[in-house]
$ cat protein_35.cif   # mmCIF, C-alpha atoms
data_target
#
loop_
_atom_site.label_atom_id
_atom_site.label_comp_id
_atom_site.auth_asym_id
_atom_site.auth_seq_id
_atom_site.Cartn_x
_atom_site.Cartn_y
_atom_site.Cartn_z
CA MET Z 1 -22.07 8.88 -6.61
CA LEU Z 2 -18.39 9.35 -5.77
CA ALA Z 3 -17.33 9.20 -9.42
CA ALA Z 4 -19.87 11.88 -10.28
CA ALA Z 5 -18.60 14.04 -7.42
CA TYR Z 6 -15.04 13.55 -8.68
CA ALA Z 7 -16.12 14.58 -12.18
CA LYS Z 8 -17.44 17.85 -10.74
CA GLU Z 9 -14.33 18.40 -8.62
CA PRO Z 10 -11.48 16.45 -10.32
CA THR Z 11 -8.81 16.71 -7.64
CA PRO Z 12 -7.05 14.26 -5.32
CA SER Z 13 -8.00 16.48 -2.36
CA PRO Z 14 -11.64 17.59 -2.50
CA SER Z 15 -12.99 20.41 -0.35
CA ASP Z 16 -13.97 19.63 3.24
CA ALA Z 17 -17.62 20.40 2.44
CA THR Z 18 -17.61 17.85 -0.40
CA VAL Z 19 -15.94 15.21 1.78
CA THR Z 20 -18.42 15.75 4.61
CA ARG Z 21 -21.43 15.62 2.26
CA LEU Z 22 -20.25 12.43 0.56
CA ALA Z 23 -19.31 10.76 3.84
CA GLU Z 24 -22.80 11.34 5.19
CA ALA Z 25 -24.49 10.25 1.97
CA THR Z 26 -22.46 7.05 1.54
CA LEU Z 27 -21.83 6.06 5.18
CA LEU Z 28 -18.09 5.99 4.45
CA SER Z 29 -15.57 7.70 6.68
CA GLU Z 30 -14.14 11.00 5.50
CA ASP Z 31 -10.74 9.32 5.13
CA ASP Z 32 -12.29 6.68 2.86
CA VAL Z 33 -13.87 9.40 0.70
CA ARG Z 34 -10.50 11.16 0.39
CA ASP Z 35 -8.82 7.84 -0.49
CA ILE Z 36 -11.40 7.21 -3.22
CA PHE Z 37 -10.80 10.68 -4.69
CA LYS Z 38 -7.04 9.99 -4.69
CA SER Z 39 -7.62 6.65 -6.40
CA LEU Z 40 -9.90 8.19 -9.04
CA ASP Z 41 -7.35 10.94 -9.63
CA LEU Z 42 -4.53 8.41 -10.08
CA LYS Z 43 -6.63 6.44 -12.56
CA ALA Z 44 -7.51 9.60 -14.50
CA ARG Z 45 -3.86 10.66 -14.64
CA ALA Z 46 -2.82 7.19 -15.80
CA ARG Z 47 -5.41 7.28 -18.62
CA VAL Z 48 -4.17 10.70 -19.74
CA ALA Z 49 -0.53 9.60 -19.64
CA GLU Z 50 -1.36 6.41 -21.55
CA SER Z 51 -3.24 8.27 -24.27
CA GLU Z 52 -0.43 10.84 -24.58
CA SER Z 53 2.23 8.14 -24.88
CA ASP Z 54 0.15 6.23 -27.43
CA SER Z 55 -0.35 9.30 -29.62
CA SER Z 56 3.26 10.45 -29.31
CA SER Z 57 4.67 7.02 -30.13
CA GLU Z 58 2.45 6.76 -33.20
CA GLU Z 59 3.60 10.16 -34.44
CA THR Z 60 7.32 9.58 -33.92
CA ASP Z 61 7.38 6.03 -35.26
CA ALA Z 62 6.08 7.02 -38.68
CA SER Z 63 8.36 10.06 -39.00
CA GLN Z 64 11.59 8.27 -38.00
CA PRO Z 65 13.63 6.19 -40.39
CA ALA Z 66 13.41 2.44 -39.81
CA SER Z 67 16.93 2.36 -38.31
CA LYS Z 68 15.89 4.81 -35.54
CA ARG Z 69 12.60 3.12 -34.62
CA PRO Z 70 12.46 0.90 -31.52
CA LYS Z 71 13.23 -2.73 -32.29
CA ALA Z 72 10.32 -5.15 -32.28
CA THR Z 73 10.44 -7.55 -29.37
CA ALA Z 74 8.80 -10.89 -28.81
CA GLY Z 75 5.02 -10.62 -28.82
CA PRO Z 76 3.10 -9.60 -25.72
CA ALA Z 77 2.05 -13.18 -25.08
CA ALA Z 78 5.68 -14.23 -24.66
CA SER Z 79 6.44 -11.48 -22.15
CA ARG Z 80 3.23 -12.16 -20.19
CA ALA Z 81 4.03 -15.86 -19.90
CA GLN Z 82 7.43 -15.15 -18.33
CA ALA Z 83 6.42 -12.41 -15.88
CA ALA Z 84 5.03 -13.57 -12.55
CA PRO Z 85 2.13 -11.56 -11.12
CA LEU Z 86 3.02 -9.01 -8.47
CA PRO Z 87 2.26 -10.08 -4.88
CA LEU Z 88 -1.02 -8.95 -3.33
CA GLU Z 89 -0.76 -5.87 -1.10
CA LYS Z 90 -3.19 -4.53 1.46
CA GLY Z 91 -4.73 -1.30 0.19
CA LYS Z 92 -3.96 -2.19 -3.44
CA LEU Z 93 -6.28 -5.13 -4.04
CA THR Z 94 -9.07 -3.54 -6.07
CA GLY Z 95 -8.90 -4.70 -9.69
CA ARG Z 96 -6.46 -7.53 -8.98
CA LYS Z 97 -7.17 -11.03 -10.27
CA VAL Z 98 -6.93 -13.78 -7.66
CA LEU Z 99 -7.54 -17.48 -7.33
CA ILE Z 100 -10.13 -18.45 -4.72
CA PRO Z 101 -8.68 -21.67 -3.30
CA ARG Z 102 -10.63 -24.87 -3.90
CA ALA Z 103 -10.34 -25.68 -0.19
CA LEU Z 104 -12.67 -22.75 0.60
CA TRP Z 105 -15.67 -24.53 -0.94
CA PRO Z 106 -14.60 -28.19 -1.15
CA ASP Z 107 -18.10 -29.48 -1.98
CA GLU Z 108 -18.53 -27.22 -5.03
CA PRO Z 109 -17.50 -28.52 -8.45
CA CYS Z 110 -14.43 -26.76 -9.84
CA ASP Z 111 -13.01 -27.21 -13.31
CA GLU Z 112 -11.08 -23.92 -13.44
CA GLN Z 113 -7.30 -23.79 -13.16
CA GLY Z 114 -7.07 -27.56 -13.20
CA GLY Z 115 -9.42 -27.84 -10.21
CA GLU Z 116 -7.14 -25.67 -8.08
CA GLY Z 117 -9.74 -22.93 -7.54
CA TRP Z 118 -11.83 -20.21 -9.15
CA ARG Z 119 -10.55 -17.19 -11.09
CA SER Z 120 -11.98 -14.01 -9.65
CA VAL Z 121 -11.48 -10.25 -9.51
CA VAL Z 122 -11.30 -8.03 -6.44
CA SER Z 123 -14.11 -5.53 -6.93
CA SER Z 124 -13.63 -3.55 -3.72
CA GLU Z 125 -11.52 -3.17 -0.60
CA VAL Z 126 -13.05 -1.09 2.17
CA ARG Z 127 -12.46 -1.15 5.92
CA GLY Z 128 -10.74 -4.52 5.96
CA VAL Z 129 -13.38 -6.24 3.82
CA VAL Z 130 -12.73 -7.30 0.24
CA GLY Z 131 -15.46 -7.85 -2.35
CA ILE Z 132 -14.57 -10.70 -4.71
CA LYS Z 133 -16.47 -11.08 -7.98
CA THR Z 134 -16.64 -14.53 -9.50
CA GLU Z 135 -19.16 -16.10 -11.83
CA GLY Z 136 -21.33 -12.98 -11.69
CA LYS Z 137 -21.61 -12.96 -7.89
CA ILE Z 138 -19.79 -10.93 -5.25
CA TYR Z 139 -18.53 -12.60 -2.08
CA HIS Z 140 -16.94 -10.79 0.87
CA PHE Z 141 -13.81 -11.86 2.73
CA GLY Z 142 -11.41 -10.30 5.19
CA VAL Z 143 -8.32 -8.65 3.73
CA ASP Z 144 -5.98 -11.01 5.61
CA THR Z 145 -7.74 -14.02 4.08
CA VAL Z 146 -7.42 -12.68 0.54
CA LEU Z 147 -3.75 -11.78 1.00
CA GLU Z 148 -3.04 -15.52 1.44
CA TRP Z 149 -4.52 -16.35 -1.97
CA ARG Z 150 -2.54 -16.71 -5.17
CA PRO Z 151 -2.49 -13.63 -7.44
CA LEU Z 152 -3.22 -14.18 -11.13
CA LYS Z 153 -2.29 -12.24 -14.24
#
$ encode --input "protein_35.cif" --output "C-alpha coordinates"
Amino acid sequence: MLAAAYAKEPTPSPSDATVTRLAEATLLSEDDVRDIFKSLDLKARARVAESESDSSSEETDASQPASKRPKATAGPAASRAQAAPLPLEKGKLTGRKVLIPRALWPDEPCDEQGGEGWRSVVSSEVRGVVGIKTEGKIYHFGVDTVLEWRPLK
(Lines of atoms letter the chains of each structure in order from A and count residues from 1; the text may use other names and numbers.)
(Lines give C-alpha, C1' and ligand atoms only; values in the text may rest on other atoms or scores of the structure.)
Protein backbone atom coordinates (compact mmCIF):
# COMPACT_ATOMS: atom_id res chain seq x y z
CA MET A 1 0.00 0.00 0.00
CA LEU A 2 2.75 2.46 0.94
CA ALA A 3 4.89 1.51 -2.06
CA ALA A 4 1.94 2.10 -4.37
CA ALA A 5 1.32 5.48 -2.75
CA TYR A 6 4.99 6.35 -3.20
CA ALA A 7 4.78 5.37 -6.88
CA LYS A 8 1.93 7.86 -7.32
CA GLU A 9 3.75 10.57 -5.36
CA PRO A 10 7.50 9.78 -5.60
CA THR A 11 8.87 12.25 -3.08
CA PRO A 12 10.58 12.01 0.32
CA SER A 13 7.97 14.40 1.74
CA PRO A 14 4.42 13.47 0.68
CA SER A 15 1.50 15.85 1.06
CA ASP A 16 -0.21 16.07 4.45
CA ALA A 17 -3.41 14.62 2.97
CA THR A 18 -1.52 11.57 1.70
CA VAL A 19 0.23 11.07 5.04
CA THR A 20 -3.04 11.34 6.98
CA ARG A 21 -4.85 8.92 4.64
CA LEU A 22 -2.06 6.33 4.80
CA ALA A 23 -1.66 6.66 8.56
CA GLU A 24 -5.35 5.93 9.06
CA ALA A 25 -5.37 3.06 6.57
CA THR A 26 -2.25 1.35 7.94
CA LEU A 27 -2.50 2.20 11.66
CA LEU A 28 1.01 3.68 11.49
CA SER A 29 1.83 7.08 12.92
CA GLU A 30 2.20 9.96 10.48
CA ASP A 31 5.91 10.13 11.35
CA ASP A 32 6.29 6.45 10.44
CA VAL A 33 4.58 7.06 7.09
CA ARG A 34 6.94 9.97 6.37
CA ASP A 35 9.93 7.82 7.36
CA ILE A 36 8.81 5.07 4.99
CA PHE A 37 8.49 7.58 2.13
CA LYS A 38 12.01 8.85 2.89
CA SER A 39 13.32 5.28 2.90
CA LEU A 40 11.60 4.44 -0.39
CA ASP A 41 12.96 7.65 -1.91
CA LEU A 42 16.51 6.83 -0.79
CA LYS A 43 16.23 3.34 -2.26
CA ALA A 44 14.89 4.72 -5.56
CA ARG A 45 17.70 7.27 -5.75
CA ALA A 46 20.29 4.58 -5.01
CA ARG A 47 18.91 2.38 -7.81
CA VAL A 48 19.05 5.28 -10.27
CA ALA A 49 22.59 6.20 -9.24
CA GLU A 50 23.69 2.57 -9.49
CA SER A 51 22.23 2.14 -12.97
CA GLU A 52 23.79 5.43 -14.12
CA SER A 53 27.22 4.46 -12.80
CA ASP A 54 26.95 0.99 -14.37
CA SER A 55 26.06 2.39 -17.79
CA SER A 56 28.66 5.17 -17.66
CA SER A 57 31.44 2.82 -16.58
CA GLU A 58 30.60 0.41 -19.40
CA GLU A 59 30.70 3.22 -21.96
CA THR A 60 33.99 4.74 -20.80
CA ASP A 61 35.82 1.45 -20.28
CA ALA A 62 35.41 0.36 -23.88
CA SER A 63 36.34 3.76 -25.34
CA GLN A 64 39.49 4.26 -23.25
CA PRO A 65 42.82 2.72 -24.11
CA ALA A 66 43.87 -0.15 -21.86
CA SER A 67 46.47 2.03 -20.11
CA LYS A 68 43.76 4.49 -18.97
CA ARG A 69 41.25 1.90 -17.74
CA PRO A 70 40.98 1.20 -14.01
CA LYS A 71 43.27 -1.59 -12.87
CA ALA A 72 41.66 -4.92 -12.05
CA THR A 73 41.74 -5.70 -8.36
CA ALA A 74 41.40 -8.95 -6.48
CA GLY A 75 38.03 -10.56 -7.05
CA PRO A 76 34.98 -9.54 -5.06
CA ALA A 77 35.22 -12.66 -2.92
CA ALA A 78 38.64 -11.59 -1.64
CA SER A 79 37.45 -8.11 -0.66
CA ARG A 80 34.30 -9.48 1.00
CA ALA A 81 36.30 -11.93 3.10
CA GLN A 82 38.49 -9.15 4.52
CA ALA A 83 35.78 -6.56 5.26
CA ALA A 84 33.95 -6.94 8.55
CA PRO A 85 30.21 -6.21 8.52
CA LEU A 86 29.16 -2.79 9.73
CA PRO A 87 27.76 -2.68 13.28
CA LEU A 88 23.99 -2.80 13.72
CA GLU A 89 22.33 0.58 14.24
CA LYS A 90 18.89 1.42 15.56
CA GLY A 91 16.74 2.78 12.75
CA LYS A 92 18.91 1.12 10.09
CA LEU A 93 18.20 -2.57 10.69
CA THR A 94 15.82 -3.40 7.84
CA GLY A 95 17.57 -5.56 5.25
CA ARG A 96 20.54 -6.37 7.49
CA LYS A 97 21.66 -9.97 7.94
CA VAL A 98 22.09 -11.09 11.54
CA LEU A 99 22.85 -14.21 13.51
CA ILE A 100 20.13 -15.27 15.95
CA PRO A 101 22.16 -16.61 18.88
CA ARG A 102 21.87 -20.31 19.65
CA ALA A 103 21.24 -19.46 23.31
CA LEU A 104 17.86 -17.96 22.34
CA TRP A 105 16.43 -21.39 21.49
CA PRO A 106 18.81 -23.86 23.16
CA ASP A 107 16.53 -26.88 22.64
CA GLU A 108 16.27 -26.41 18.86
CA PRO A 109 18.76 -28.21 16.60
CA CYS A 110 21.20 -25.83 14.92
CA ASP A 111 23.71 -26.77 12.26
CA GLU A 112 24.18 -23.27 10.81
CA GLN A 113 27.32 -21.24 11.43
CA GLY A 114 28.96 -24.14 13.21
CA GLY A 115 26.07 -24.40 15.68
CA GLU A 116 26.55 -20.79 16.78
CA GLY A 117 23.08 -19.68 15.65
CA TRP A 118 20.74 -19.11 12.72
CA ARG A 119 21.33 -16.81 9.74
CA SER A 120 18.42 -14.44 9.33
CA VAL A 121 17.39 -11.16 7.74
CA VAL A 122 15.71 -8.18 9.39
CA SER A 123 12.48 -7.73 7.46
CA SER A 124 11.12 -4.74 9.38
CA GLU A 125 11.81 -2.28 12.17
CA VAL A 126 8.81 -0.35 13.42
CA ARG A 127 8.14 1.26 16.80
CA GLY A 128 10.89 -0.57 18.63
CA VAL A 129 9.94 -4.00 17.27
CA VAL A 130 12.05 -5.84 14.71
CA GLY A 131 10.72 -8.55 12.39
CA ILE A 132 13.33 -11.25 11.78
CA LYS A 133 12.87 -13.66 8.89
CA THR A 134 14.53 -17.05 9.17
CA GLU A 135 13.68 -20.37 7.59
CA GLY A 136 10.57 -18.89 5.98
CA LYS A 137 9.10 -17.61 9.26
CA ILE A 138 9.07 -14.15 10.82
CA TYR A 139 9.78 -13.70 14.52
CA HIS A 140 9.52 -10.42 16.42
CA PHE A 141 12.05 -9.08 18.92
CA GLY A 142 12.76 -5.77 20.61
CA VAL A 143 15.28 -3.50 18.90
CA ASP A 144 17.60 -3.56 21.93
CA THR A 145 17.72 -7.37 21.82
CA VAL A 146 18.61 -7.45 18.13
CA LEU A 147 21.31 -4.78 18.53
CA GLU A 148 23.20 -7.25 20.77
CA TRP A 149 23.33 -9.88 18.01
CA ARG A 150 26.21 -10.38 15.61
CA PRO A 151 25.81 -8.74 12.18
CA LEU A 152 26.56 -10.89 9.13
CA LYS A 153 27.63 -10.03 5.60
$ closest_residue --input "protein_35.cif" --among "Z:Ala46, Z:Leu104, Z:Ala3, Z:Leu147" --to "Pro87 in chain Z" --atoms "only C-alpha atoms"
Z:Leu147
$ residues_around --input "protein_35.cif" --residues "Phe141 in chain Z" --least-positions-apart "5" --cutoff "8 Å" --atoms "all atoms listed in the file" --output "list of chain:residue names"
Z:Val129, Z:Val130, Z:Gly131, Z:Ile132, Z:Val146
$ resolve_selection --input "protein_35.cif" --expression "the PyMOL selection byres ((chain Z and resi 128) around 10)" --output "list in words"
Lys90, Gly91, Glu125, Val126, Arg127, Val129, Val130, Phe141, Gly142, Val143 and Asp144 of chain Z
$ atom_distance --input "protein_35.cif" --atom1 "CA of Glu9 in chain Z" --atom2 "CA of Asp35 in chain Z"
14.4 Å
$ residues_near_point --input "protein_35.cif" --point "(0.7, -10.7, -12.1)" --cutoff "6 Å" --atoms "all atoms listed in the file" --output "list in words"
Ala84, Pro85, Leu86, Leu152 and Lys153 of chain Z
$ write_last_selection --input "protein_35.cif" --atoms "C-alpha atoms" --output "PDB file, keeping the file's coordinate frame"
ATOM      1  CA  ALA Z  84       5.030 -13.570 -12.550  1.00  0.00           C
ATOM      2  CA  PRO Z  85       2.130 -11.560 -11.120  1.00  0.00           C
ATOM      3  CA  LEU Z  86       3.020  -9.010  -8.470  1.00  0.00           C
ATOM      4  CA  LEU Z 152      -3.220 -14.180 -11.130  1.00  0.00           C
ATOM      5  CA  LYS Z 153      -2.290 -12.240 -14.240  1.00  0.00           C
TER       6      LYS Z 153
END
$ closest_residue --input "protein_35.cif" --among "Z:Leu42, Z:Met1, Z:Val121, Z:Ala83" --to "Ile100 in chain Z" --atoms "all atoms listed in the file"
Z:Val121
$ residues_around --input "protein_35.cif" --residues "Ser120 in chain Z" --least-positions-apart "6" --cutoff "6 Å" --atoms "all atoms listed in the file" --output "PyMOL selection string"
chain Z and resi 97-98+133-134
$ closest_residue --input "protein_35.cif" --among "Z:Ser124, Z:Arg45, Z:Glu135, Z:Ala23" --to "Glu112 in chain Z" --atoms "all atoms listed in the file"
Z:Glu135
$ atom_distance --input "protein_35.cif" --atom1 "CA of Arg96 in chain Z" --atom2 "CA of Val19 in chain Z"
26.9 Å
$ atom_distance --input "protein_35.cif" --atom1 "CA of Trp105 in chain Z" --atom2 "CA of Lys92 in chain Z"
25.3 Å
$ closest_residue --input "protein_35.cif" --among "Z:Lys38, Z:Arg150, Z:Arg21, Z:Lys8" --to "Leu88 in chain Z" --atoms "all atoms listed in the file"
Z:Arg150
$ residues_around --input "protein_35.cif" --residues "Val33 in chain Z" --least-positions-apart "2" --cutoff "8 Å" --atoms "all atoms listed in the file" --output "PyMOL selection string"
chain Z and resi 2+19+22-23+28-31+35-37
$ write_last_selection --input "protein_35.cif" --atoms "C-alpha atoms" --output "short mmCIF file (atom, residue, chain, number, x, y, z; two decimals), in the coordinates of the input"
data_model
loop_
_atom_site.label_atom_id
_atom_site.label_comp_id
_atom_site.auth_asym_id
_atom_site.auth_seq_id
_atom_site.Cartn_x
_atom_site.Cartn_y
_atom_site.Cartn_z
CA LEU Z 2 -18.39 9.35 -5.77
CA VAL Z 19 -15.94 15.21 1.78
CA LEU Z 22 -20.25 12.43 0.56
CA ALA Z 23 -19.31 10.76 3.84
CA LEU Z 28 -18.09 5.99 4.45
CA SER Z 29 -15.57 7.70 6.68
CA GLU Z 30 -14.14 11.00 5.50
CA ASP Z 31 -10.74 9.32 5.13
CA ASP Z 35 -8.82 7.84 -0.49
CA ILE Z 36 -11.40 7.21 -3.22
CA PHE Z 37 -10.80 10.68 -4.69
#
$ residues_around --input "protein_35.cif" --residues "Thr11 in chain Z" --least-positions-apart "4" --cutoff "10 Å" --atoms "only C-alpha atoms" --output "list in words"
Tyr6, Ala7, Ser15, Arg34, Phe37, Lys38, Leu40, Asp41, Leu42 and Ala44 of chain Z
